[in-house]
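One file, work-v9.cif, is given below (mmCIF, C-alpha atoms).
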data_start
#
loop_
_atom_site.label_atom_id
_atom_site.label_comp_id
_atom_site.auth_asym_id
_atom_site.auth_seq_id
_atom_site.Cartn_x
_atom_site.Cartn_y
_atom_site.Cartn_z
CA MET A 1 -6.57 0.12 -41.31
CA TRP A 2 -8.60 -1.79 -38.74
CA PHE A 3 -5.78 -1.91 -36.18
CA MET A 4 -5.13 1.83 -35.95
CA PRO A 5 -7.69 2.65 -33.20
CA TYR A 6 -6.12 0.01 -30.96
CA ALA A 7 -2.63 1.33 -31.64
CA LYS A 8 -3.75 4.87 -30.81
CA LEU A 9 -5.41 3.64 -27.64
CA TYR A 10 -2.21 1.91 -26.55
CA LEU A 11 -0.12 5.00 -27.20
CA ALA A 12 -2.56 7.08 -25.16
CA VAL A 13 -2.62 4.66 -22.24
CA GLU A 14 1.08 3.81 -22.12
CA PRO A 15 2.24 7.05 -20.38
CA ALA A 16 -0.49 6.64 -17.75
CA LEU A 17 0.63 3.07 -17.09
CA LYS A 18 4.24 4.21 -16.65
CA GLU A 19 3.14 6.94 -14.25
CA SER A 20 0.89 4.65 -12.21
CA ALA A 21 3.66 2.11 -11.77
CA MET A 22 5.41 4.69 -9.60
CA TYR A 23 2.75 4.85 -6.86
CA ARG A 24 3.95 1.78 -4.97
CA ASP A 25 7.60 2.77 -5.27
CA ASN A 26 6.97 6.21 -3.79
CA THR A 27 4.90 5.36 -0.72
CA LYS A 28 6.28 6.00 2.75
CA VAL A 29 8.21 3.12 4.30
CA ILE A 30 6.48 1.80 7.44
CA ARG A 31 7.85 -0.83 9.82
CA ILE A 32 5.42 -3.40 11.23
CA GLY A 33 7.21 -5.61 13.73
CA ASP A 34 10.17 -7.04 11.83
CA ARG A 35 8.62 -6.38 8.40
CA VAL A 36 8.59 -3.25 6.25
CA ILE A 37 6.06 -2.09 3.68
CA GLY A 38 5.96 0.80 1.26
CA GLY A 39 8.71 2.37 -0.78
CA GLY A 40 8.71 -0.42 -3.33
CA ASN A 41 9.20 -3.18 -0.77
CA PRO A 42 7.50 -6.50 -1.58
CA ILE A 43 3.72 -6.54 -1.20
CA LEU A 44 2.91 -8.47 1.97
CA ILE A 45 -0.02 -10.84 2.42
CA GLN A 46 -2.36 -10.36 5.35
CA SER A 47 -5.22 -12.35 6.79
CA MET A 48 -7.40 -12.18 9.89
CA THR A 49 -8.17 -14.80 12.47
CA ASN A 50 -11.77 -15.88 12.97
CA THR A 51 -11.17 -17.47 16.36
CA ARG A 52 -11.99 -15.74 19.63
CA THR A 53 -8.78 -13.85 20.40
CA GLU A 54 -9.32 -14.64 24.06
CA ASP A 55 -8.82 -18.32 23.19
CA VAL A 56 -5.05 -18.22 22.92
CA ALA A 57 -4.57 -21.87 21.97
CA ALA A 58 -7.11 -21.79 19.12
CA THR A 59 -5.85 -18.44 17.84
CA VAL A 60 -2.21 -19.53 17.87
CA ALA A 61 -3.09 -22.78 16.10
CA GLN A 62 -4.87 -20.88 13.34
CA ILE A 63 -2.07 -18.35 12.95
CA LYS A 64 0.49 -21.13 12.62
CA ARG A 65 -1.59 -22.67 9.82
CA LEU A 66 -1.71 -19.27 8.16
CA GLU A 67 2.04 -18.80 8.58
CA ALA A 68 2.63 -22.16 6.92
CA ALA A 69 0.39 -21.12 4.02
CA GLY A 70 2.38 -17.91 3.49
CA CYS A 71 0.64 -15.28 5.61
CA GLU A 72 3.04 -12.45 6.49
CA ILE A 73 0.93 -10.19 8.73
CA ILE A 74 -1.99 -11.34 10.88
CA ARG A 75 -4.85 -9.28 12.30
CA CYS A 76 -6.86 -10.20 15.39
CA THR A 77 -9.94 -8.52 16.77
CA VAL A 78 -9.60 -6.97 20.22
CA PRO A 79 -13.09 -6.35 21.62
CA THR A 80 -12.29 -6.99 25.30
CA GLU A 81 -9.58 -6.51 27.91
CA GLU A 82 -9.12 -10.26 27.96
CA ALA A 83 -8.46 -10.23 24.22
CA ALA A 84 -5.92 -7.43 24.65
CA ARG A 85 -4.08 -9.41 27.32
CA ALA A 86 -4.13 -12.49 25.11
CA ILE A 87 -2.01 -10.67 22.53
CA SER A 88 1.09 -10.93 24.69
CA GLU A 89 0.63 -14.71 24.96
CA ILE A 90 -0.15 -15.12 21.26
CA LYS A 91 2.94 -13.12 20.29
CA LYS A 92 5.17 -15.58 22.14
CA GLU A 93 4.06 -18.41 19.83
CA ILE A 94 4.02 -16.80 16.37
CA THR A 95 6.66 -15.39 14.03
CA ILE A 96 4.72 -12.80 12.02
CA PRO A 97 3.59 -9.28 13.05
CA LEU A 98 0.21 -8.97 14.75
CA VAL A 99 -2.27 -6.19 14.06
CA ALA A 100 -4.94 -5.43 16.65
CA ASP A 101 -8.33 -4.57 15.16
CA ILE A 102 -10.18 -2.02 17.29
CA HIS A 103 -13.71 -0.69 16.98
CA PHE A 104 -15.04 2.22 19.06
CA ASP A 105 -13.21 1.65 22.37
CA TYR A 106 -9.96 3.61 22.60
CA LYS A 107 -9.00 1.71 25.77
CA MET A 108 -8.74 -1.48 23.72
CA ALA A 109 -6.30 0.21 21.33
CA ILE A 110 -4.09 1.29 24.22
CA ALA A 111 -4.30 -2.11 25.92
CA ALA A 112 -3.44 -3.88 22.67
CA MET A 113 -0.31 -1.79 22.19
CA GLU A 114 0.72 -2.26 25.80
CA ASN A 115 0.45 -6.01 25.27
CA GLY A 116 2.70 -6.07 22.22
CA ALA A 117 0.56 -5.39 19.12
CA ASP A 118 2.82 -4.47 16.20
CA LYS A 119 0.16 -2.27 14.61
CA ILE A 120 -3.37 -1.16 15.41
CA ARG A 121 -6.32 -0.69 13.10
CA ILE A 122 -8.77 2.03 14.09
CA ASN A 123 -11.26 4.44 12.59
CA PRO A 124 -10.33 7.77 14.25
CA GLY A 125 -13.85 9.02 13.60
CA ASN A 126 -15.50 6.52 15.94
CA ILE A 127 -12.82 6.02 18.58
CA GLY A 128 -14.57 8.38 21.03
CA GLY A 129 -13.52 11.97 20.32
CA ARG A 130 -10.30 13.96 20.06
CA GLU A 131 -9.09 13.47 23.64
CA LYS A 132 -9.40 9.72 23.35
CA LEU A 133 -7.69 9.73 19.96
CA GLN A 134 -4.89 11.81 21.50
CA ALA A 135 -4.46 9.16 24.19
CA VAL A 136 -4.16 6.43 21.57
CA VAL A 137 -1.68 8.39 19.45
CA GLU A 138 0.41 9.22 22.50
CA VAL A 139 0.96 5.52 23.22
CA ALA A 140 1.59 4.77 19.55
CA LYS A 141 4.21 7.53 19.46
CA ALA A 142 5.96 6.25 22.54
CA LYS A 143 6.16 2.74 21.14
CA ASN A 144 6.54 3.77 17.46
CA ILE A 145 3.57 1.58 16.51
CA PRO A 146 1.92 2.29 13.16
CA ILE A 147 -1.76 3.09 12.98
CA ARG A 148 -3.84 1.71 10.14
CA VAL A 149 -6.69 4.07 9.34
CA GLY A 150 -9.53 1.89 8.12
CA VAL A 151 -12.58 3.24 6.30
CA ASN A 152 -15.16 1.03 4.61
CA SER A 153 -17.95 2.11 2.28
CA GLY A 154 -20.43 0.87 4.87
CA SER A 155 -19.07 3.17 7.57
CA LEU A 156 -19.20 6.52 5.79
CA GLU A 157 -20.44 9.48 7.78
CA LYS A 158 -23.95 10.74 7.13
CA GLU A 159 -22.58 14.13 6.10
CA ILE A 160 -20.40 12.66 3.36
CA ILE A 161 -23.20 10.47 2.01
CA GLU A 162 -25.47 13.55 1.89
CA LYS A 163 -22.74 15.57 0.18
CA TYR A 164 -22.35 13.08 -2.69
CA GLY A 165 -25.94 11.83 -2.69
CA HIS A 166 -24.94 8.22 -2.00
CA VAL A 167 -21.87 6.13 -1.23
CA THR A 168 -19.17 6.99 -3.77
CA ALA A 169 -15.46 6.42 -4.32
CA GLU A 170 -14.91 10.14 -3.82
CA GLY A 171 -16.71 9.99 -0.48
CA ILE A 172 -14.65 7.03 0.71
CA VAL A 173 -11.43 8.87 -0.14
CA GLU A 174 -12.57 12.10 1.50
CA SER A 175 -13.52 10.25 4.67
CA ALA A 176 -10.20 8.39 4.81
CA LEU A 177 -8.06 11.47 4.27
CA ASP A 178 -10.09 13.34 6.89
CA LYS A 179 -9.34 10.58 9.40
CA VAL A 180 -5.67 10.63 8.46
CA SER A 181 -5.58 14.39 9.11
CA MET A 182 -6.88 13.76 12.64
CA ILE A 183 -3.79 11.67 13.42
CA GLU A 184 -1.45 14.06 11.61
CA ALA A 185 -2.87 16.88 13.73
CA GLU A 186 -1.48 15.03 16.74
CA GLY A 187 1.97 15.12 15.18
CA TYR A 188 2.08 11.48 14.06
CA GLU A 189 2.69 10.17 10.55
CA ASN A 190 3.37 6.47 11.15
CA ILE A 191 0.23 5.64 9.20
CA VAL A 192 -1.16 3.03 6.81
CA ILE A 193 -4.43 3.62 4.97
CA SER A 194 -7.12 1.08 4.13
CA ILE A 195 -10.19 1.95 2.08
CA LYS A 196 -12.49 -0.89 1.13
CA SER A 197 -15.82 -1.57 -0.53
CA SER A 198 -17.68 -4.70 -1.57
CA ASP A 199 -18.40 -2.91 -4.86
CA VAL A 200 -15.39 -3.90 -6.98
CA LEU A 201 -15.41 -1.00 -9.43
CA MET A 202 -16.06 1.55 -6.69
CA CYS A 203 -13.14 0.10 -4.74
CA VAL A 204 -10.89 0.32 -7.79
CA LYS A 205 -11.84 3.95 -8.42
CA ALA A 206 -11.31 4.88 -4.77
CA HIS A 207 -7.79 3.46 -4.84
CA GLU A 208 -7.00 5.25 -8.08
CA LEU A 209 -8.11 8.52 -6.50
CA ILE A 210 -6.35 8.15 -3.16
CA ALA A 211 -3.06 6.96 -4.67
CA LYS A 212 -2.72 10.40 -6.28
CA GLN A 213 -3.38 12.22 -3.00
CA THR A 214 -1.22 10.50 -0.39
CA LYS A 215 2.19 8.96 0.11
CA TYR A 216 1.09 6.66 2.93
CA PRO A 217 1.21 2.95 2.09
CA LEU A 218 -2.11 1.37 1.17
CA HIS A 219 -3.53 -1.91 2.44
CA VAL A 220 -5.89 -3.09 -0.29
CA GLY A 221 -8.72 -5.55 -0.47
CA ILE A 222 -12.31 -6.07 -1.55
CA THR A 223 -14.27 -6.21 1.69
CA GLU A 224 -17.12 -8.66 2.24
CA ALA A 225 -16.21 -10.29 -1.07
CA GLY A 226 -18.21 -13.41 -0.32
CA THR A 227 -17.74 -17.17 -0.33
CA LEU A 228 -14.73 -19.05 -1.65
CA PHE A 229 -16.18 -19.07 -5.17
CA SER A 230 -17.62 -15.58 -5.60
CA GLY A 231 -15.15 -13.95 -3.21
CA THR A 232 -12.17 -15.30 -5.09
CA ILE A 233 -13.52 -13.98 -8.38
CA LYS A 234 -14.35 -10.52 -7.00
CA SER A 235 -11.03 -10.24 -5.19
CA SER A 236 -9.04 -11.42 -8.20
CA VAL A 237 -10.72 -8.92 -10.50
CA GLY A 238 -10.54 -5.98 -8.09
CA LEU A 239 -7.08 -6.61 -6.67
CA GLY A 240 -5.81 -7.51 -10.11
CA ILE A 241 -6.76 -4.10 -11.47
CA ILE A 242 -5.54 -2.16 -8.43
CA LEU A 243 -2.20 -3.96 -8.11
CA ASN A 244 -1.53 -3.84 -11.84
CA GLU A 245 -1.89 -0.06 -11.68
CA GLY A 246 1.01 0.07 -9.27
CA ILE A 247 -1.18 0.61 -6.19
CA GLY A 248 -1.03 -1.35 -2.94
CA ASP A 249 1.61 -2.28 -0.38
CA THR A 250 -0.20 -5.04 1.51
CA ILE A 251 -3.23 -7.10 0.53
CA ARG A 252 -5.94 -9.22 2.07
CA VAL A 253 -8.37 -11.41 0.20
CA SER A 254 -11.56 -11.40 2.30
CA LEU A 255 -13.43 -14.70 2.05
CA THR A 256 -16.25 -16.28 4.00
CA GLY A 257 -14.41 -19.45 4.88
CA ASP A 258 -11.11 -20.81 6.10
CA PRO A 259 -8.66 -17.87 6.18
CA VAL A 260 -5.96 -20.17 4.80
CA GLU A 261 -7.82 -19.93 1.50
CA GLU A 262 -7.40 -16.14 1.66
CA VAL A 263 -3.64 -16.54 1.79
CA LYS A 264 -3.51 -19.11 -1.00
CA THR A 265 -5.62 -16.87 -3.23
CA ALA A 266 -3.52 -13.80 -2.45
CA LYS A 267 -0.33 -15.67 -3.32
CA ARG A 268 -1.80 -16.75 -6.65
CA ILE A 269 -2.95 -13.21 -7.47
CA LEU A 270 0.52 -11.80 -6.79
CA LYS A 271 2.24 -14.53 -8.78
CA THR A 272 -0.14 -14.14 -11.71
CA LEU A 273 0.67 -10.42 -11.83
CA ASP A 274 4.40 -11.22 -11.64
CA LEU A 275 4.58 -9.36 -8.33
CA ARG A 276 5.92 -12.39 -6.49
CA LYS A 277 8.33 -15.15 -7.39
CA GLY A 278 8.48 -18.67 -6.03
CA GLY A 279 5.96 -21.44 -5.84
CA ILE A 280 4.93 -23.84 -8.56
CA GLU A 281 2.39 -22.68 -11.12
CA VAL A 282 0.05 -25.43 -12.28
CA VAL A 283 -1.59 -25.20 -15.69
CA SER A 284 -4.11 -27.78 -16.86
CA CYS A 285 -6.20 -28.23 -19.96
CA PRO A 286 -10.00 -28.30 -20.03
CA THR A 287 -11.50 -31.73 -20.46
CA CYS A 288 -12.79 -32.90 -23.82
CA GLY A 289 -14.03 -36.06 -25.48
CA ARG A 290 -10.46 -37.34 -25.91
CA THR A 291 -9.88 -37.43 -22.17
CA LYS A 292 -9.67 -40.99 -20.88
CA ILE A 293 -8.37 -40.32 -17.38
CA ASP A 294 -9.75 -38.53 -14.34
CA LEU A 295 -8.10 -35.26 -15.35
CA ILE A 296 -10.07 -33.16 -12.88
CA GLY A 297 -9.06 -35.37 -9.97
CA LEU A 298 -5.46 -35.58 -11.19
CA ALA A 299 -5.11 -31.81 -11.62
CA ASN A 300 -6.51 -31.18 -8.13
CA LYS A 301 -4.08 -33.71 -6.62
CA VAL A 302 -1.17 -32.07 -8.43
CA GLU A 303 -2.21 -28.61 -7.25
CA THR A 304 -2.33 -29.86 -3.66
CA MET A 305 0.98 -31.72 -3.98
CA VAL A 306 2.97 -28.77 -5.33
CA GLU A 307 2.24 -26.78 -2.17
CA GLU A 308 4.89 -29.01 -0.56
CA PHE A 309 7.53 -27.39 -2.78
CA PRO A 310 7.26 -23.61 -2.16
CA GLU A 311 10.95 -23.14 -2.94
CA LEU A 312 10.53 -24.17 -6.60
CA ASN A 313 9.73 -21.46 -9.13
CA ILE A 314 8.62 -23.62 -12.08
CA LYS A 315 5.56 -24.37 -14.20
CA VAL A 316 3.89 -27.78 -14.19
CA ALA A 317 1.37 -28.81 -16.85
CA VAL A 318 -1.35 -31.42 -16.40
CA MET A 319 -2.78 -32.50 -19.75
CA GLY A 320 -5.67 -34.78 -20.51
CA CYS A 321 -4.48 -36.72 -23.55
CA VAL A 322 -1.36 -37.80 -25.41
CA VAL A 323 -2.56 -36.19 -28.65
CA ASN A 324 -1.96 -32.54 -27.75
CA GLY A 325 -0.32 -32.99 -24.36
CA PRO A 326 3.34 -32.70 -25.37
CA GLY A 327 2.76 -29.66 -27.58
CA GLU A 328 0.53 -27.84 -25.10
CA ALA A 329 2.99 -28.52 -22.27
CA LYS A 330 6.06 -27.26 -24.13
CA GLU A 331 6.17 -23.99 -22.22
CA ALA A 332 6.08 -25.81 -18.89
CA ASP A 333 9.15 -27.09 -17.08
CA LEU A 334 7.42 -30.36 -16.28
CA GLY A 335 4.26 -31.96 -17.54
CA ILE A 336 2.20 -35.09 -17.39
CA ALA A 337 -0.32 -36.15 -20.01
CA GLY A 338 -2.90 -38.87 -19.59
CA GLY A 339 -3.73 -41.59 -22.07
CA ASP A 340 -5.73 -44.80 -22.08
CA GLY A 341 -4.32 -46.59 -19.05
CA VAL A 342 -0.93 -44.94 -19.53
CA GLY A 343 0.53 -41.45 -19.36
CA LEU A 344 3.52 -39.43 -20.43
CA LEU A 345 6.14 -37.54 -18.42
CA ILE A 346 7.22 -34.43 -20.30
CA LYS A 347 10.15 -32.06 -19.73
CA LYS A 348 10.39 -28.81 -21.66
CA GLY A 349 7.99 -30.17 -24.26
CA GLU A 350 9.94 -33.39 -24.79
CA ILE A 351 8.51 -36.79 -23.89
CA VAL A 352 10.76 -38.42 -21.30
CA LYS A 353 8.95 -41.66 -20.69
CA LYS A 354 5.65 -43.51 -20.68
CA VAL A 355 4.33 -44.82 -17.37
CA PRO A 356 1.17 -46.54 -16.14
CA GLU A 357 -1.58 -44.05 -15.40
CA ALA A 358 -1.59 -45.02 -11.72
CA GLU A 359 2.07 -43.95 -11.43
CA LEU A 360 1.77 -40.48 -12.99
CA LEU A 361 1.45 -38.65 -9.68
CA SER A 362 4.32 -40.49 -7.97
CA VAL A 363 6.58 -40.01 -11.01
CA LEU A 364 5.85 -36.28 -11.00
CA ARG A 365 6.54 -36.09 -7.26
CA ALA A 366 9.91 -37.78 -7.75
CA GLU A 367 10.82 -35.20 -10.40
CA LEU A 368 9.88 -32.34 -8.08
CA GLU A 369 11.83 -33.79 -5.18
CA ASN A 370 14.94 -33.92 -7.34
CA TRP A 371 14.44 -30.65 -9.18
CA PRO A 372 17.36 -28.22 -8.73
CA LYS A 373 16.63 -25.63 -6.06
#
Would you write the structure of this file as structure tokens?
Amino acid sequence: MWFMPYAKLYLAVEPALKESAMYRDNTKVIRIGDRVIGGGNPILIQSMTNTRTEDVAATVAQIKRLEAAGCEIIRCTVPTEEAARAISEIKKEITIPLVADIHFDYKMAIAAMENGADKIRINPGNIGGREKLQAVVEVAKAKNIPIRVGVNSGSLEKEIIEKYGHVTAEGIVESALDKVSMIEAEGYENIVISIKSSDVLMCVKAHELIAKQTKYPLHVGITEAGTLFSGTIKSSVGLGIILNEGIGDTIRVSLTGDPVEEVKTAKRILKTLDLRKGGIEVVSCPTCGRTKIDLIGLANKVETMVEEFPELNIKVAVMGCVVNGPGEAKEADLGIAGGDGVGLLIKKGEIVKKVPEAELLSVLRAELENWPK
């Protein structure tokens, strides 16, 4: 019986899948501005500005673009006093929570909170010693501001690397939980944890390990993932595995490029995993010798156009020929299929009408504009 090993494998894995699905539901609920994460709340999408935070106008403009794309939490670097002061001005112009990213200087963490940051990101191990960490936690306590403990594989302590022989998932987890204990020792548990690596499988393993050892919500991502092409692939693979195991309360797709692309990719990952509803899903066929229209150009135009209809939760198919188009599009709510100078409009697998090829896009738009909300 050739299928028996696969059946046995499924039966062995199924209980583990059921157990892992509980991680996200059981994490501690944390409030960030007017949003909440953890405890089974929806996974929120984060990004980070790449403007100078001191440049309020440029930073606000970028955040508004990110908000429009679907970003739900934004992080800004705070390397200077001027940047910390800029937070108060930036906050007046945006509608999503702002996280201040701090490295090394505890004074910047305090200044950021005093200027309205909704959350701070620090590494307690390099903030300047216990007294300085105490000063940061004291302000966070007074304002009830969550602290995100961030540990990357590239920032592991020498002692941990020596203990494990090299950078490992176990070392990343040990370092993160050690930093968390520093904040807990100050009597504060308003904490979010972030552990990241550019090594996808190491990152996956680290999240699997830490999810079993803590109830704090996890911000997940593949750090330094790369350019739009390679970074999207690495993030989709890594985040896909982690999220599908029931791990992760907020996500960021880290790309070398326009941060709007991070948000768009994150939305698609969540929708593909059925972790988020809303937004049109576009499916399109690969080109072949039967294709007599610019299918690649048409599919790209459709994908751009559907972003104007975020309230619709439907599937749109873009097919290259009238031979297989109707059949292949039958699972879609709407579809268009190209021909030789003409094309078809398809609804639920049924041909509605034939139109000139040049009108396919406008006909599809009209259908979307009139689609029931």
Selection result for the PyMOL selection byres ((chain A and resi 230) around 12) on this file, as a PyMOL selection string:
chain A and resi 198+200+222+224-229+231-237+253-257
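Going from atom CA of Pro79 of chain A to atom CA of Ile110 of chain A covers 12.1 Å.
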So what does the PyMOL selection byres ((chain A and resi 213-219) around 6) actually pick up in this one, as an NGL selection string?
:A and (27-28 or 38 or 192-194 or 210-212 or 220 or 248-251)
Using only C-alpha atoms, which protein or nucleic acid residues come within 10 Å of Gly335 of chain A? Drop anything in the same chain fewer than 2 positions from it, and give the result as a list in words.
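Result of the neighbour search: Val282, Val283, Ser284, Lys315, Val316, Ala317, Val318, Met319, Gly325, Pro326, Glu328, Ala329, Lys330, Glu331, Ala332, Asp333, Ala337, Leu344, Leu345, Ile346, Lys347, Lys348, Gly349, Glu350, Ile351, Val352, Leu360 and Leu364 of chain A.
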The PyMOL selection byres ((chain A and resi 102) around 6) - which residues does that actually catch in the file I just gave you? List them as number ranges by chain.
A: 78, 101, 103, 121-122
Top pick for closest residue to Arg24 of chain A, considering A:Glu170, A:Glu367, A:Asp178, A:Glu245 and counting only C-alpha atoms:
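Closest residue, counting only C-alpha atoms: A:Glu245.
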Mind giving me the straight-line distance from atom CA of Cys321 of chain A to atom CA of Trp371 of chain A in Å, one decimal?
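It comes out at 24.5 Å.
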Hey, which of A:Glu261, A:Ala68, A:Tyr23, A:Ala100 ends up closest to Ile242 of chain A? Count only C-alpha atoms.
A:Tyr23
Will you model N, CA and C atoms for segment 252-271 of chain A and pass it back as a PDB file, in the coordinates of the input?
ATOM      1  N   ARG A 252      -5.186  -8.133   1.448  1.00  0.00           N
ATOM      2  CA  ARG A 252      -5.940  -9.220   2.070  1.00  0.00           C
ATOM      3  C   ARG A 252      -7.079  -9.603   1.137  1.00  0.00           C
ATOM      4  N   VAL A 253      -7.211 -10.879   0.911  1.00  0.00           N
ATOM      5  CA  VAL A 253      -8.370 -11.410   0.200  1.00  0.00           C
ATOM      6  C   VAL A 253      -9.389 -11.806   1.254  1.00  0.00           C
ATOM      7  N   SER A 254     -10.539 -11.159   1.278  1.00  0.00           N
ATOM      8  CA  SER A 254     -11.560 -11.400   2.300  1.00  0.00           C
ATOM      9  C   SER A 254     -12.544 -12.462   1.819  1.00  0.00           C
ATOM     10  N   LEU A 255     -12.544 -13.609   2.453  1.00  0.00           N
ATOM     11  CA  LEU A 255     -13.430 -14.700   2.050  1.00  0.00           C
ATOM     12  C   LEU A 255     -14.240 -15.204   3.236  1.00  0.00           C
ATOM     13  N   THR A 256     -15.446 -15.627   2.973  1.00  0.00           N
ATOM     14  CA  THR A 256     -16.250 -16.280   4.000  1.00  0.00           C
ATOM     15  C   THR A 256     -15.866 -17.749   4.003  1.00  0.00           C
ATOM     16  N   GLY A 257     -14.922 -18.086   4.852  1.00  0.00           N
ATOM     17  CA  GLY A 257     -14.410 -19.450   4.880  1.00  0.00           C
ATOM     18  C   GLY A 257     -13.111 -19.529   5.651  1.00  0.00           C
ATOM     19  N   ASP A 258     -12.395 -20.597   5.444  1.00  0.00           N
ATOM     20  CA  ASP A 258     -11.110 -20.810   6.100  1.00  0.00           C
ATOM     21  C   ASP A 258     -10.139 -19.720   5.654  1.00  0.00           C
ATOM     22  N   PRO A 259      -9.568 -18.944   6.583  1.00  0.00           N
ATOM     23  CA  PRO A 259      -8.660 -17.870   6.180  1.00  0.00           C
ATOM     24  C   PRO A 259      -7.416 -18.363   5.439  1.00  0.00           C
ATOM     25  N   VAL A 260      -7.079 -19.635   5.568  1.00  0.00           N
ATOM     26  CA  VAL A 260      -5.960 -20.170   4.800  1.00  0.00           C
ATOM     27  C   VAL A 260      -6.212 -20.001   3.303  1.00  0.00           C
ATOM     28  N   GLU A 261      -7.484 -20.110   2.907  1.00  0.00           N
ATOM     29  CA  GLU A 261      -7.820 -19.930   1.500  1.00  0.00           C
ATOM     30  C   GLU A 261      -7.579 -18.488   1.059  1.00  0.00           C
ATOM     31  N   GLU A 262      -7.712 -17.531   1.978  1.00  0.00           N
ATOM     32  CA  GLU A 262      -7.400 -16.140   1.660  1.00  0.00           C
ATOM     33  C   GLU A 262      -5.940 -15.996   1.260  1.00  0.00           C
ATOM     34  N   VAL A 263      -5.080 -16.639   2.037  1.00  0.00           N
ATOM     35  CA  VAL A 263      -3.640 -16.540   1.790  1.00  0.00           C
ATOM     36  C   VAL A 263      -3.264 -17.211   0.475  1.00  0.00           C
ATOM     37  N   LYS A 264      -3.816 -18.388   0.241  1.00  0.00           N
ATOM     38  CA  LYS A 264      -3.510 -19.110  -1.000  1.00  0.00           C
ATOM     39  C   LYS A 264      -3.954 -18.306  -2.224  1.00  0.00           C
ATOM     40  N   THR A 265      -5.124 -17.677  -2.122  1.00  0.00           N
ATOM     41  CA  THR A 265      -5.620 -16.870  -3.230  1.00  0.00           C
ATOM     42  C   THR A 265      -4.757 -15.630  -3.444  1.00  0.00           C
ATOM     43  N   ALA A 266      -4.379 -14.996  -2.347  1.00  0.00           N
ATOM     44  CA  ALA A 266      -3.520 -13.800  -2.450  1.00  0.00           C
ATOM     45  C   ALA A 266      -2.193 -14.137  -3.095  1.00  0.00           C
ATOM     46  N   LYS A 267      -1.606 -15.262  -2.721  1.00  0.00           N
ATOM     47  CA  LYS A 267      -0.330 -15.670  -3.320  1.00  0.00           C
ATOM     48  C   LYS A 267      -0.476 -15.877  -4.823  1.00  0.00           C
ATOM     49  N   ARG A 268      -1.589 -16.491  -5.228  1.00  0.00           N
ATOM     50  CA  ARG A 268      -1.800 -16.750  -6.650  1.00  0.00           C
ATOM     51  C   ARG A 268      -2.022 -15.450  -7.416  1.00  0.00           C
ATOM     52  N   ILE A 269      -2.737 -14.497  -6.811  1.00  0.00           N
ATOM     53  CA  ILE A 269      -2.950 -13.210  -7.470  1.00  0.00           C
ATOM     54  C   ILE A 269      -1.609 -12.513  -7.708  1.00  0.00           C
ATOM     55  N   LEU A 270      -0.777 -12.471  -6.670  1.00  0.00           N
ATOM     56  CA  LEU A 270       0.520 -11.800  -6.790  1.00  0.00           C
ATOM     57  C   LEU A 270       1.408 -12.490  -7.817  1.00  0.00           C
ATOM     58  N   LYS A 271       1.399 -13.804  -7.817  1.00  0.00           N
ATOM     59  CA  LYS A 271       2.240 -14.530  -8.780  1.00  0.00           C
ATOM     60  C   LYS A 271       1.735 -14.332 -10.200  1.00  0.00           C
TER      61      LYS A 271
END
